[in-house]
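Asks: Here it is, the structure in full.
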Amino acid sequence: VVELEYKIGLEIHTQLTEAGTKLFCGCDSNYRKYKPNTNVCPVCLGLPGALPVPRKRPIILALAVAETFNCKIPESMVFTRKHYFYPDLLKNYQITQYEKGGGMPVCLGGMLKYYDPDLDLWKKVKLRRMNIEEDPGKTEYSEGNILASEFAYVDYNRSGVPLLEVVTEPEIPTPRDARKAVEYLLLTMEYIGAMNPRLEGSFRVDANISVEGGERIEVKNIGSTLDLERALRYEIFRQRKIIEGKGIVERETRHWDPVRGITKSLRSKESEEEYLYFPDPDIPMISTEPLLKEIREKSIITPEKIMEKISRIGINRKMAWSLVTIKACAETFLEAVSIGADPIISSRILAIDYKGHLRKSGMSLYKRENWPDPVALKKISDLIRNKAYTYDEIKYNIIPKLVSDPKMIHITLPEKASPEKLITEVMNEERKAIRDFYQGKKEALDYLVGKVLKKAYGKAMDPKKVRNLLEEFLYKNSNIY
Ligand SMILES: [Zn+2]
């Protein structure tokens, strides 16, 4: 069976959560911490006579993202009004950028290069454009959805928060690539300091999918990268079934339901003319040249550059990527190496064991203060490098302490326990486990290793060494037990 081909294109709406202000007023871009309708002013409430004043920082951040992906940035930027009526849009128009409506977007073209860790490959998808626009307010229904609710609440705290919309060409090869590309875009924006993708609602994706023989379908309301992959798989399957059954896939907009894992028809697609786009007469044209100059003076840090830097230190790419995906972890690593920590040992501690402990303890991986002080990391790596302690001794005895107190600089070294003595003690106490071992129950050995480690509590001991000694002991003494 030859499967029908498909095409995927994405519109990624990212909030510039770190911009500091809304797009056209001084209200906070981080609206989540406020009580409803308290992060507002005459401008973002659309009151008569209030005039929008473009803020520099959101525009700088948007241009920095455009620069990173080698987009073509026009000499000037023009904002456009997009008209529609909805309770969360107070002015009855949204200020956006639209090149066909006499406007000028942040940029055109460009290339979203993203890393696929499974294949260890950099891949590319062409970008169509990026534009800045205002986020509308937020509608909350008393019973959770529009049909069941008698009334709705509107909160304008989000109204006017800057969004950067990134549009790709419809050439993404698979749902998994769509996910990887978006994850990479979000990571890049985090490195640039434009956004925090882990904040609730900080990005939304609309996906276009067309399967050979059918019209293009747009799926809205995708709020996570995992859901993006799921929604695309679902749509490709659904559209293929219709076409293979000689049905017709008509152009429409569908809504992703993450709970049920399906898409539902929302409306047939409206045409662009219905929005009556025209350039906003209240906002002057913005020249991009001086802003770009400012951006180029400081070099932009990207995950790709950090990945290259870490690889050059001699770390393999899989490990390097594991460090890079968490900015706070990559920063800690580079600082520790810069003061002389062993790169191989430090990368293993941070990307595997420390990260694992942080996860288990439920602490955020994304806060720099939860990662160890580079000085402590250097001390630990020296102990292992100089063979004062084995990696496992450090792993079991120091790392848990460091996770609970990441600011710790003075590493108090546990006294080394003598495994031989403890093994003899355990052998005298655990007759049943020993019999189990001789009867071929391999898990009895794990149990005995655990008992020895427990006895060594607080002292450094290498579990691998204990296991080897135990095995040796059991084979030597099989005639006694
Ligand atoms: Zn405001």
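In the structure tokens, chains take letters A, B, ... by order of appearance, with residues numbered from 1 within each chain and ligands from 1 in the order shown.
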With only C-alpha atoms as the counted atoms, please give the residues lying no more than 9 Å from Glu420 in chain A, apart from itself and same-chain residues fewer than 5 positions off, as an MDAnalysis selection string.

Replies: chainID A and resid 425 466 469:470

Asks: For the residues selected in the previous step, produce a file with all heavy atoms as a short mmCIF file (atom, residue, chain, number, x, y, z; two decimals), in the first residue's frame.

Replies:
data_model
loop_
_atom_site.label_atom_id
_atom_site.label_comp_id
_atom_site.auth_asym_id
_atom_site.auth_seq_id
_atom_site.Cartn_x
_atom_site.Cartn_y
_atom_site.Cartn_z
N GLU A 425 29.85 -8.60 58.39
CA GLU A 425 28.70 -8.39 59.29
C GLU A 425 27.40 -8.81 58.61
O GLU A 425 26.59 -9.53 59.18
CB GLU A 425 28.59 -6.91 59.67
CG GLU A 425 29.51 -6.50 60.80
CD GLU A 425 29.37 -5.00 61.10
OE1 GLU A 425 28.21 -4.49 61.10
OE2 GLU A 425 30.40 -4.36 61.28
N VAL A 466 31.51 -2.93 46.11
CA VAL A 466 30.83 -3.78 47.08
C VAL A 466 30.29 -5.03 46.39
O VAL A 466 30.44 -6.15 46.87
CB VAL A 466 29.67 -3.01 47.75
CG1 VAL A 466 28.82 -3.94 48.61
CG2 VAL A 466 30.22 -1.87 48.60
N LEU A 469 33.13 -7.44 45.55
CA LEU A 469 33.65 -8.09 46.76
C LEU A 469 32.67 -9.14 47.29
O LEU A 469 33.07 -10.24 47.69
CB LEU A 469 33.91 -7.04 47.84
CG LEU A 469 35.17 -6.19 47.66
CD1 LEU A 469 35.19 -5.04 48.66
CD2 LEU A 469 36.43 -7.04 47.82
N LEU A 470 31.39 -8.78 47.24
CA LEU A 470 30.35 -9.70 47.72
C LEU A 470 30.34 -10.99 46.89
O LEU A 470 30.31 -12.09 47.43
CB LEU A 470 28.98 -9.03 47.59
CG LEU A 470 28.34 -8.50 48.88
CD1 LEU A 470 27.06 -7.76 48.54
CD2 LEU A 470 28.04 -9.63 49.86
#

Asks: I want to know what sits within 6 Å of range 50-65 of chain A, based on only C-alpha atoms, with residues of the same chain fewer than 4 positions away left out; could you give that as a PDB file with all heavy atoms, in the first residue's frame?

Replies:
ATOM      1  N   ALA A  19       9.650  40.417  27.826  1.00  0.00           N
ATOM      2  CA  ALA A  19       9.803  41.765  27.267  1.00  0.00           C
ATOM      3  C   ALA A  19       9.744  42.839  28.345  1.00  0.00           C
ATOM      4  O   ALA A  19      10.242  43.940  28.169  1.00  0.00           O
ATOM      5  CB  ALA A  19       8.728  42.020  26.216  1.00  0.00           C
ATOM      6  N   LEU A  23       3.050  45.476  24.457  1.00  0.00           N
ATOM      7  CA  LEU A  23       3.596  45.977  23.190  1.00  0.00           C
ATOM      8  C   LEU A  23       3.463  47.494  23.029  1.00  0.00           C
ATOM      9  O   LEU A  23       4.347  48.147  22.496  1.00  0.00           O
ATOM     10  CB  LEU A  23       2.922  45.226  22.030  1.00  0.00           C
ATOM     11  CG  LEU A  23       3.467  45.419  20.628  1.00  0.00           C
ATOM     12  CD1 LEU A  23       4.968  45.238  20.547  1.00  0.00           C
ATOM     13  CD2 LEU A  23       2.771  44.459  19.661  1.00  0.00           C
ATOM     14  N   PHE A  24       2.330  48.050  23.506  1.00  0.00           N
ATOM     15  CA  PHE A  24       2.104  49.481  23.283  1.00  0.00           C
ATOM     16  C   PHE A  24       1.818  50.279  24.552  1.00  0.00           C
ATOM     17  O   PHE A  24       1.330  51.401  24.487  1.00  0.00           O
ATOM     18  CB  PHE A  24       0.939  49.679  22.301  1.00  0.00           C
ATOM     19  CG  PHE A  24       1.215  49.070  20.953  1.00  0.00           C
ATOM     20  CD1 PHE A  24       0.485  47.958  20.523  1.00  0.00           C
ATOM     21  CD2 PHE A  24       2.194  49.587  20.120  1.00  0.00           C
ATOM     22  CE1 PHE A  24       0.737  47.382  19.280  1.00  0.00           C
ATOM     23  CE2 PHE A  24       2.452  49.018  18.883  1.00  0.00           C
ATOM     24  CZ  PHE A  24       1.733  47.917  18.466  1.00  0.00           C
ATOM     25  N   PRO A  42      -5.381  52.642  30.265  1.00  0.00           N
ATOM     26  CA  PRO A  42      -6.278  53.081  29.169  1.00  0.00           C
ATOM     27  C   PRO A  42      -5.896  52.529  27.791  1.00  0.00           C
ATOM     28  O   PRO A  42      -6.767  52.226  26.980  1.00  0.00           O
ATOM     29  CB  PRO A  42      -6.144  54.611  29.208  1.00  0.00           C
ATOM     30  CG  PRO A  42      -5.819  54.910  30.639  1.00  0.00           C
ATOM     31  CD  PRO A  42      -4.945  53.774  31.094  1.00  0.00           C
ATOM     32  N   VAL A  43      -4.591  52.344  27.533  1.00  0.00           N
ATOM     33  CA  VAL A  43      -4.168  51.868  26.211  1.00  0.00           C
ATOM     34  C   VAL A  43      -4.590  50.423  25.985  1.00  0.00           C
ATOM     35  O   VAL A  43      -5.248  50.100  24.992  1.00  0.00           O
ATOM     36  CB  VAL A  43      -2.641  52.024  26.013  1.00  0.00           C
ATOM     37  CG1 VAL A  43      -2.186  51.376  24.705  1.00  0.00           C
ATOM     38  CG2 VAL A  43      -2.246  53.494  26.035  1.00  0.00           C
ATOM     39  N   ALA A 194      13.978  36.082  25.302  1.00  0.00           N
ATOM     40  CA  ALA A 194      12.705  36.618  24.839  1.00  0.00           C
ATOM     41  C   ALA A 194      11.516  36.015  25.571  1.00  0.00           C
ATOM     42  O   ALA A 194      10.491  36.662  25.731  1.00  0.00           O
ATOM     43  CB  ALA A 194      12.557  36.388  23.334  1.00  0.00           C
TER      44      ALA A 194
END

Asks: Check every protein, DNA and RNA residue against ligand 1, keep those with an atom at most 12 Å away (counting only C-alpha atoms and all ligand atoms), and present them as a short mmCIF file (atom, residue, chain, number, x, y, z; two decimals) with all heavy atoms, in the first residue's frame.

Replies:
data_model
loop_
_atom_site.label_atom_id
_atom_site.label_comp_id
_atom_site.auth_asym_id
_atom_site.auth_seq_id
_atom_site.Cartn_x
_atom_site.Cartn_y
_atom_site.Cartn_z
N GLY A 20 9.10 42.54 29.46
CA GLY A 20 9.00 43.53 30.54
C GLY A 20 7.72 44.33 30.48
O GLY A 20 7.08 44.55 31.49
N THR A 21 7.35 44.77 29.27
CA THR A 21 6.11 45.55 29.13
C THR A 21 5.23 44.93 28.05
O THR A 21 5.68 44.07 27.29
CB THR A 21 6.39 47.00 28.70
OG1 THR A 21 6.93 46.97 27.36
CG2 THR A 21 7.36 47.70 29.62
N LYS A 22 4.01 45.42 27.97
CA LYS A 22 3.16 45.05 26.86
C LYS A 22 3.69 45.74 25.59
O LYS A 22 4.63 46.52 25.66
CB LYS A 22 1.71 45.45 27.16
CG LYS A 22 1.09 44.60 28.29
CD LYS A 22 -0.38 44.92 28.52
CE LYS A 22 -0.96 44.00 29.60
NZ LYS A 22 -2.38 44.32 29.88
N LEU A 23 3.05 45.48 24.46
CA LEU A 23 3.60 45.98 23.19
C LEU A 23 3.46 47.49 23.03
O LEU A 23 4.35 48.15 22.50
CB LEU A 23 2.92 45.23 22.03
CG LEU A 23 3.47 45.42 20.63
CD1 LEU A 23 4.97 45.24 20.55
CD2 LEU A 23 2.77 44.46 19.66
N PHE A 24 2.33 48.05 23.51
CA PHE A 24 2.10 49.48 23.28
C PHE A 24 1.82 50.28 24.55
O PHE A 24 1.33 51.40 24.49
CB PHE A 24 0.94 49.68 22.30
CG PHE A 24 1.21 49.07 20.95
CD1 PHE A 24 0.49 47.96 20.52
CD2 PHE A 24 2.19 49.59 20.12
CE1 PHE A 24 0.74 47.38 19.28
CE2 PHE A 24 2.45 49.02 18.88
CZ PHE A 24 1.73 47.92 18.47
N CYS A 25 2.09 49.68 25.72
CA CYS A 25 1.92 50.43 26.97
C CYS A 25 2.90 49.87 27.99
O CYS A 25 3.60 48.90 27.72
CB CYS A 25 0.47 50.34 27.48
SG CYS A 25 -0.04 48.67 27.92
N GLY A 26 2.94 50.48 29.18
CA GLY A 26 3.94 50.10 30.18
C GLY A 26 3.49 48.99 31.11
O GLY A 26 4.20 48.64 32.05
N CYS A 27 2.30 48.40 30.89
CA CYS A 27 1.84 47.32 31.76
C CYS A 27 2.77 46.12 31.62
O CYS A 27 3.44 45.96 30.60
CB CYS A 27 0.41 46.92 31.42
SG CYS A 27 -0.79 48.24 31.70
N ASP A 28 2.77 45.26 32.63
CA ASP A 28 3.71 44.14 32.73
C ASP A 28 3.40 43.03 31.70
O ASP A 28 2.25 42.63 31.54
CB ASP A 28 3.62 43.56 34.15
CG ASP A 28 4.83 42.73 34.54
OD1 ASP A 28 5.57 42.28 33.63
OD2 ASP A 28 5.03 42.54 35.75
N SER A 29 4.46 42.55 31.02
CA SER A 29 4.26 41.44 30.08
C SER A 29 4.03 40.12 30.83
O SER A 29 3.46 39.19 30.30
CB SER A 29 5.49 41.28 29.18
OG SER A 29 6.65 41.01 29.96
N ASN A 30 4.46 40.09 32.08
CA ASN A 30 4.24 38.89 32.89
C ASN A 30 2.94 39.07 33.68
O ASN A 30 2.94 39.41 34.85
CB ASN A 30 5.43 38.67 33.81
CG ASN A 30 5.30 37.41 34.63
OD1 ASN A 30 4.37 36.62 34.43
ND2 ASN A 30 6.19 37.22 35.57
N TYR A 31 1.81 38.85 32.99
CA TYR A 31 0.48 39.19 33.53
C TYR A 31 -0.05 38.14 34.51
O TYR A 31 -1.05 38.35 35.17
CB TYR A 31 -0.51 39.32 32.37
CG TYR A 31 -0.60 38.06 31.55
CD1 TYR A 31 -1.53 37.07 31.85
CD2 TYR A 31 0.27 37.83 30.48
CE1 TYR A 31 -1.58 35.89 31.12
CE2 TYR A 31 0.24 36.66 29.76
CZ TYR A 31 -0.70 35.70 30.08
OH TYR A 31 -0.74 34.53 29.37
N ASN A 37 -7.90 41.79 35.82
CA ASN A 37 -8.15 43.18 35.46
C ASN A 37 -7.44 44.21 36.34
O ASN A 37 -7.96 45.29 36.59
CB ASN A 37 -9.66 43.45 35.40
CG ASN A 37 -10.29 42.62 34.30
OD1 ASN A 37 -9.83 42.63 33.16
ND2 ASN A 37 -11.32 41.87 34.64
N THR A 38 -6.23 43.86 36.81
CA THR A 38 -5.44 44.85 37.55
C THR A 38 -4.16 45.20 36.80
O THR A 38 -3.50 46.17 37.13
CB THR A 38 -5.07 44.35 38.97
OG1 THR A 38 -4.30 43.16 38.85
CG2 THR A 38 -6.31 44.08 39.80
N ASN A 39 -3.79 44.42 35.78
CA ASN A 39 -2.59 44.73 34.99
C ASN A 39 -3.04 45.40 33.69
O ASN A 39 -2.85 44.89 32.60
CB ASN A 39 -1.82 43.43 34.71
CG ASN A 39 -0.54 43.63 33.93
OD1 ASN A 39 0.19 44.60 34.15
ND2 ASN A 39 -0.28 42.73 33.00
N VAL A 40 -3.72 46.54 33.84
CA VAL A 40 -4.34 47.21 32.68
C VAL A 40 -4.17 48.73 32.78
O VAL A 40 -3.89 49.25 33.85
CB VAL A 40 -5.85 46.89 32.59
CG1 VAL A 40 -6.07 45.45 32.18
CG2 VAL A 40 -6.56 47.18 33.90
N CYS A 41 -4.35 49.41 31.63
CA CYS A 41 -4.30 50.87 31.60
C CYS A 41 -5.19 51.33 30.44
O CYS A 41 -5.70 50.50 29.70
CB CYS A 41 -2.85 51.34 31.41
SG CYS A 41 -2.22 51.06 29.75
N PRO A 42 -5.38 52.64 30.26
CA PRO A 42 -6.28 53.08 29.17
C PRO A 42 -5.90 52.53 27.79
O PRO A 42 -6.77 52.23 26.98
CB PRO A 42 -6.14 54.61 29.21
CG PRO A 42 -5.82 54.91 30.64
CD PRO A 42 -4.94 53.77 31.09
N VAL A 43 -4.59 52.34 27.53
CA VAL A 43 -4.17 51.87 26.21
C VAL A 43 -4.59 50.42 25.98
O VAL A 43 -5.25 50.10 24.99
CB VAL A 43 -2.64 52.02 26.01
CG1 VAL A 43 -2.19 51.38 24.71
CG2 VAL A 43 -2.25 53.49 26.03
N CYS A 44 -4.24 49.53 26.93
CA CYS A 44 -4.56 48.11 26.69
C CYS A 44 -6.02 47.80 26.98
O CYS A 44 -6.50 46.71 26.67
CB CYS A 44 -3.59 47.18 27.41
SG CYS A 44 -3.47 47.40 29.18
N LEU A 45 -6.76 48.79 27.56
CA LEU A 45 -8.21 48.63 27.69
C LEU A 45 -8.92 49.23 26.48
O LEU A 45 -10.14 49.20 26.39
CB LEU A 45 -8.72 49.29 28.97
CG LEU A 45 -8.45 48.54 30.28
CD1 LEU A 45 -8.91 49.38 31.46
CD2 LEU A 45 -9.12 47.18 30.31
N GLY A 46 -8.15 49.84 25.57
CA GLY A 46 -8.74 50.40 24.35
C GLY A 46 -9.68 51.56 24.62
O GLY A 46 -10.67 51.74 23.90
N LEU A 47 -9.42 52.36 25.67
CA LEU A 47 -10.33 53.46 25.99
C LEU A 47 -10.22 54.55 24.92
O LEU A 47 -9.16 54.76 24.33
CB LEU A 47 -9.99 54.04 27.37
CG LEU A 47 -10.12 53.07 28.55
CD1 LEU A 47 -9.90 53.80 29.87
CD2 LEU A 47 -11.50 52.40 28.56
N ALA A 50 -7.05 56.96 23.96
CA ALA A 50 -5.75 56.43 24.39
C ALA A 50 -4.94 56.02 23.16
O ALA A 50 -5.47 55.38 22.27
CB ALA A 50 -5.95 55.23 25.30
N LEU A 51 -3.69 56.43 23.13
CA LEU A 51 -2.87 56.14 21.95
C LEU A 51 -1.77 55.13 22.26
O LEU A 51 -1.11 55.22 23.29
CB LEU A 51 -2.24 57.43 21.42
CG LEU A 51 -3.20 58.38 20.71
CD1 LEU A 51 -2.50 59.69 20.40
CD2 LEU A 51 -3.75 57.75 19.43
N PRO A 52 -1.58 54.18 21.35
CA PRO A 52 -0.52 53.18 21.56
C PRO A 52 0.86 53.79 21.31
O PRO A 52 1.03 54.58 20.39
CB PRO A 52 -0.83 52.12 20.50
CG PRO A 52 -1.55 52.87 19.41
CD PRO A 52 -2.30 53.99 20.08
N VAL A 53 1.82 53.45 22.15
CA VAL A 53 3.21 53.88 21.92
C VAL A 53 4.07 52.61 21.86
O VAL A 53 4.19 51.91 22.84
CB VAL A 53 3.72 54.79 23.07
CG1 VAL A 53 5.16 55.20 22.82
CG2 VAL A 53 2.82 56.00 23.22
N PRO A 54 4.64 52.30 20.68
CA PRO A 54 5.43 51.06 20.57
C PRO A 54 6.57 51.05 21.57
O PRO A 54 7.27 52.05 21.74
CB PRO A 54 5.97 51.11 19.14
CG PRO A 54 5.10 52.07 18.42
CD PRO A 54 4.60 53.06 19.44
N ARG A 55 6.75 49.92 22.25
CA ARG A 55 7.82 49.78 23.23
C ARG A 55 9.03 49.17 22.56
O ARG A 55 8.91 48.30 21.69
CB ARG A 55 7.36 48.90 24.39
CG ARG A 55 6.16 49.45 25.12
CD ARG A 55 6.57 50.61 26.02
NE ARG A 55 5.46 51.56 26.15
CZ ARG A 55 5.34 52.42 27.14
NH1 ARG A 55 6.27 52.48 28.08
NH2 ARG A 55 4.32 53.25 27.18
N GLU A 134 -0.52 41.94 19.12
CA GLU A 134 -0.96 41.99 20.52
C GLU A 134 -1.73 40.73 20.84
O GLU A 134 -2.53 40.26 20.03
CB GLU A 134 -1.96 43.12 20.74
CG GLU A 134 -1.64 44.45 20.22
CD GLU A 134 -2.86 45.37 20.36
OE1 GLU A 134 -3.78 45.32 19.52
OE2 GLU A 134 -2.88 46.14 21.32
N ASP A 135 -1.54 40.24 22.05
CA ASP A 135 -2.38 39.15 22.53
C ASP A 135 -3.70 39.78 22.98
O ASP A 135 -3.69 40.87 23.55
CB ASP A 135 -1.69 38.46 23.73
CG ASP A 135 -1.95 36.96 23.76
OD1 ASP A 135 -2.77 36.49 22.96
OD2 ASP A 135 -1.33 36.27 24.59
N PRO A 136 -4.83 39.12 22.74
CA PRO A 136 -6.09 39.66 23.28
C PRO A 136 -6.23 39.30 24.76
O PRO A 136 -5.37 38.64 25.34
CB PRO A 136 -7.16 38.95 22.44
CG PRO A 136 -6.52 37.75 21.87
CD PRO A 136 -5.02 37.96 21.90
N GLY A 137 -7.35 39.71 25.38
CA GLY A 137 -7.62 39.31 26.76
C GLY A 137 -8.00 37.85 26.82
O GLY A 137 -7.86 37.11 25.83
N TYR A 156 -8.62 41.19 31.25
CA TYR A 156 -7.80 41.91 30.26
C TYR A 156 -6.33 42.03 30.66
O TYR A 156 -5.59 42.79 30.04
CB TYR A 156 -8.41 43.29 29.99
CG TYR A 156 -9.77 43.18 29.33
CD1 TYR A 156 -10.94 43.43 30.05
CD2 TYR A 156 -9.88 42.78 28.01
CE1 TYR A 156 -12.18 43.29 29.47
CE2 TYR A 156 -11.13 42.64 27.41
CZ TYR A 156 -12.28 42.89 28.15
OH TYR A 156 -13.49 42.74 27.56
N ASN A 157 -5.91 41.31 31.68
CA ASN A 157 -4.50 41.38 32.08
C ASN A 157 -3.56 41.01 30.93
O ASN A 157 -2.46 41.51 30.83
CB ASN A 157 -4.22 40.44 33.25
CG ASN A 157 -4.70 41.02 34.56
OD1 ASN A 157 -5.12 42.17 34.61
ND2 ASN A 157 -4.66 40.23 35.62
N ARG A 158 -4.00 40.11 30.06
CA ARG A 158 -3.17 39.65 28.95
C ARG A 158 -3.28 40.58 27.73
O ARG A 158 -2.46 40.50 26.80
CB ARG A 158 -3.60 38.23 28.58
CG ARG A 158 -2.62 37.50 27.70
CD ARG A 158 -3.07 36.09 27.42
NE ARG A 158 -4.22 36.05 26.52
CZ ARG A 158 -4.85 34.93 26.16
NH1 ARG A 158 -4.46 33.77 26.61
NH2 ARG A 158 -5.89 34.98 25.35
N SER A 159 -4.31 41.41 27.72
CA SER A 159 -4.57 42.26 26.55
C SER A 159 -3.38 43.16 26.24
O SER A 159 -2.96 43.96 27.07
CB SER A 159 -5.82 43.10 26.84
OG SER A 159 -5.92 44.14 25.90
N GLY A 160 -2.81 43.01 25.05
CA GLY A 160 -1.68 43.85 24.64
C GLY A 160 -0.31 43.24 24.88
O GLY A 160 0.70 43.86 24.54
N VAL A 161 -0.25 42.04 25.45
CA VAL A 161 1.05 41.39 25.65
C VAL A 161 1.65 41.06 24.27
O VAL A 161 0.94 40.62 23.38
CB VAL A 161 0.88 40.10 26.51
CG1 VAL A 161 2.11 39.21 26.44
CG2 VAL A 161 0.57 40.48 27.96
N PRO A 162 2.94 41.32 24.07
CA PRO A 162 3.51 41.10 22.73
C PRO A 162 3.62 39.62 22.35
O PRO A 162 4.11 38.81 23.14
CB PRO A 162 4.91 41.72 22.83
CG PRO A 162 5.22 41.81 24.26
CD PRO A 162 3.93 41.90 25.00
#

Asks: Would you return as a ChimeraX atom specification the members of range 188-432 of chain A that DSSP assigns to helix (DSSP H, G or I) on this structure's backbone?

Replies: /A:188-192,225-244,272-275,289-297,303-312,317-324,327-338,343-361,368-370,374-385,391-397,399-404,419-429,431-432

Asks: So the first atom is CA of Tyr277 in chain A and the second is CA of Thr80 in chain A; what is the distance between them in Å, to one decimal place?

Replies: 6.4 Å

Asks: Just want the 10 Å neighbourhood of Arg317 in chain A, counted on only C-alpha atoms, with same-chain residues fewer than 5 positions away dropped. Output as a ChimeraX atom specification.

Replies: /A:117,120,307-308,310-312,322-323

Asks: If you keep C-alpha atoms, can you produce a file of those selected residues as a JSON list (two decimals), in the first residue's frame?

Replies:
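Dumped everything to out32.json:
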[["chain", "number", "residue", "atom", "x", "y", "z"],
["A", 117, "PRO", "CA", 19.15, 14.45, 18.81],
["A", 120, "ASP", "CA", 22.37, 13.61, 15.52],
["A", 307, "MET", "CA", 26.41, 23.27, 21.47],
["A", 308, "GLU", "CA", 29.43, 24.01, 19.26],
["A", 310, "ILE", "CA", 30.68, 22.42, 24.37],
["A", 311, "SER", "CA", 31.58, 20.02, 21.54],
["A", 312, "ARG", "CA", 34.88, 21.83, 21.03],
["A", 322, "SER", "CA", 21.68, 17.08, 27.07],
["A", 323, "LEU", "CA", 23.48, 20.03, 28.67]]

Asks: Near Ile480 in chain A, counting only C-alpha atoms, which residues have an atom at most 12 Å away, once you skip same-chain residues fewer than 2 positions from it, shown as an mmCIF file with N, CA and C atoms, in the first residue's frame?

Replies:
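result36.cif was written with the following content:
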data_model
loop_
_atom_site.group_PDB
_atom_site.id
_atom_site.type_symbol
_atom_site.label_atom_id
_atom_site.label_comp_id
_atom_site.auth_asym_id
_atom_site.auth_seq_id
_atom_site.Cartn_x
_atom_site.Cartn_y
_atom_site.Cartn_z
ATOM 1 N N MET A 427 26.975 -10.785 56.116
ATOM 2 C CA MET A 427 26.950 -12.225 55.859
ATOM 3 C C MET A 427 26.456 -13.004 57.074
ATOM 4 N N ASN A 428 26.769 -12.477 58.256
ATOM 5 C CA ASN A 428 26.337 -13.159 59.474
ATOM 6 C C ASN A 428 24.859 -12.929 59.763
ATOM 7 N N ARG A 431 21.343 -14.845 56.436
ATOM 8 C CA ARG A 431 21.489 -16.222 55.984
ATOM 9 C C ARG A 431 20.493 -16.584 54.878
ATOM 10 N N ILE A 434 21.468 -15.297 51.535
ATOM 11 C CA ILE A 434 22.626 -16.043 51.025
ATOM 12 C C ILE A 434 22.174 -17.379 50.428
ATOM 13 N N ARG A 435 21.248 -18.063 51.150
ATOM 14 C CA ARG A 435 20.719 -19.332 50.607
ATOM 15 C C ARG A 435 20.019 -19.069 49.268
ATOM 16 N N TYR A 438 22.498 -18.769 46.490
ATOM 17 C CA TYR A 438 23.044 -20.063 46.040
ATOM 18 C C TYR A 438 22.008 -20.863 45.267
ATOM 19 N N PHE A 473 33.287 -13.061 47.673
ATOM 20 C CA PHE A 473 33.100 -13.646 48.997
ATOM 21 C C PHE A 473 32.173 -14.863 48.924
ATOM 22 N N LEU A 474 31.067 -14.698 48.206
ATOM 23 C CA LEU A 474 30.077 -15.779 48.137
ATOM 24 C C LEU A 474 30.640 -17.000 47.400
ATOM 25 N N TYR A 475 31.418 -16.744 46.353
ATOM 26 C CA TYR A 475 31.971 -17.893 45.597
ATOM 27 C C TYR A 475 33.046 -18.621 46.414
ATOM 28 N N LYS A 476 33.833 -17.830 47.143
ATOM 29 C CA LYS A 476 34.900 -18.422 47.952
ATOM 30 C C LYS A 476 34.348 -19.271 49.097
ATOM 31 N N ASN A 477 33.207 -18.798 49.659
ATOM 32 C CA ASN A 477 32.725 -19.418 50.882
ATOM 33 C C ASN A 477 31.504 -20.313 50.676
ATOM 34 N N SER A 478 31.321 -20.770 49.448
ATOM 35 C CA SER A 478 30.103 -21.550 49.168
ATOM 36 C C SER A 478 30.039 -22.823 50.028
#

Asks: Based on DSSP run over this structure's backbone, return all residues of range 51-101 of chain A in strand (DSSP E or B), as a PyMOL selection string.

Replies: chain A and resi 72+76-78+80-83+86+89+93-96

Asks: Determine, counting only C-alpha atoms, which protein, DNA and RNA residues have an atom within 9 Å of an atom of range 234-245 of chain A; residues of the same chain fewer than 4 positions away are not included. Present the result as JSON, numbers by chain.

Replies: {"A": [3, 4, 6, 209, 210, 211, 212, 213, 214, 217, 219, 229, 230, 249, 261, 262, 263]}

Asks: Within 7 Å of Ile172 in chain A, counting only C-alpha atoms, which residues qualify if same-chain residues fewer than 4 places away don't, as a count of residues only?

Replies: 6

Asks: May I have the residues within 7 Å of range 441-455 of chain A as a list in words, using only C-alpha atoms and disregarding those fewer than 5 positions away in the same chain?

Replies: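 Counting only the stated atoms, we get Leu422, Ile423, Val426, Ala433, Asp436, Val466 and Arg467 of chain A.
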
Asks: Could you turn the residues from that selection into a file that holds N, CA and C atoms, as a JSON list (two decimals), in the first residue's frame?

Replies:
[["chain", "number", "residue", "atom", "x", "y", "z"],
["A", 422, "LEU", "N", 32.13, -4.64, 56.69],
["A", 422, "LEU", "CA", 30.67, -4.59, 56.64],
["A", 422, "LEU", "C", 30.09, -5.82, 55.95],
["A", 423, "ILE", "N", 30.82, -6.32, 54.95],
["A", 423, "ILE", "CA", 30.34, -7.51, 54.24],
["A", 423, "ILE", "C", 30.29, -8.69, 55.21],
["A", 426, "VAL", "N", 27.24, -8.33, 57.37],
["A", 426, "VAL", "CA", 25.99, -8.63, 56.64],
["A", 426, "VAL", "C", 25.86, -10.13, 56.39],
["A", 433, "ALA", "N", 19.02, -14.68, 52.59],
["A", 433, "ALA", "CA", 19.38, -14.09, 51.30],
["A", 433, "ALA", "C", 20.55, -14.85, 50.67],
["A", 436, "ASP", "N", 19.22, -17.98, 49.23],
["A", 436, "ASP", "CA", 18.53, -17.61, 47.97],
["A", 436, "ASP", "C", 19.52, -17.42, 46.83],
["A", 466, "VAL", "N", 31.51, -2.93, 46.11],
["A", 466, "VAL", "CA", 30.83, -3.78, 47.08],
["A", 466, "VAL", "C", 30.29, -5.03, 46.39],
["A", 467, "ARG", "N", 29.69, -4.83, 45.23],
["A", 467, "ARG", "CA", 29.12, -5.95, 44.49],
["A", 467, "ARG", "C", 30.20, -6.97, 44.12]]

Asks: Just the number, please: distance in Å from CA of Leu127 in chain A to CA of Val167 in chain A, one decimal.

Replies: 6.0 Å

Asks: Go through A:Asp206, A:Val2, A:Pro48, A:Met408 one by one, measure the shortest atom-to-atom distance of each to Lys91 in chain A using only C-alpha atoms, and give the residue with the smallest value.

Replies: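 Ranking A:Asp206, A:Val2, A:Pro48, A:Met408 by distance to Lys91 in chain A, first place goes to A:Pro48.
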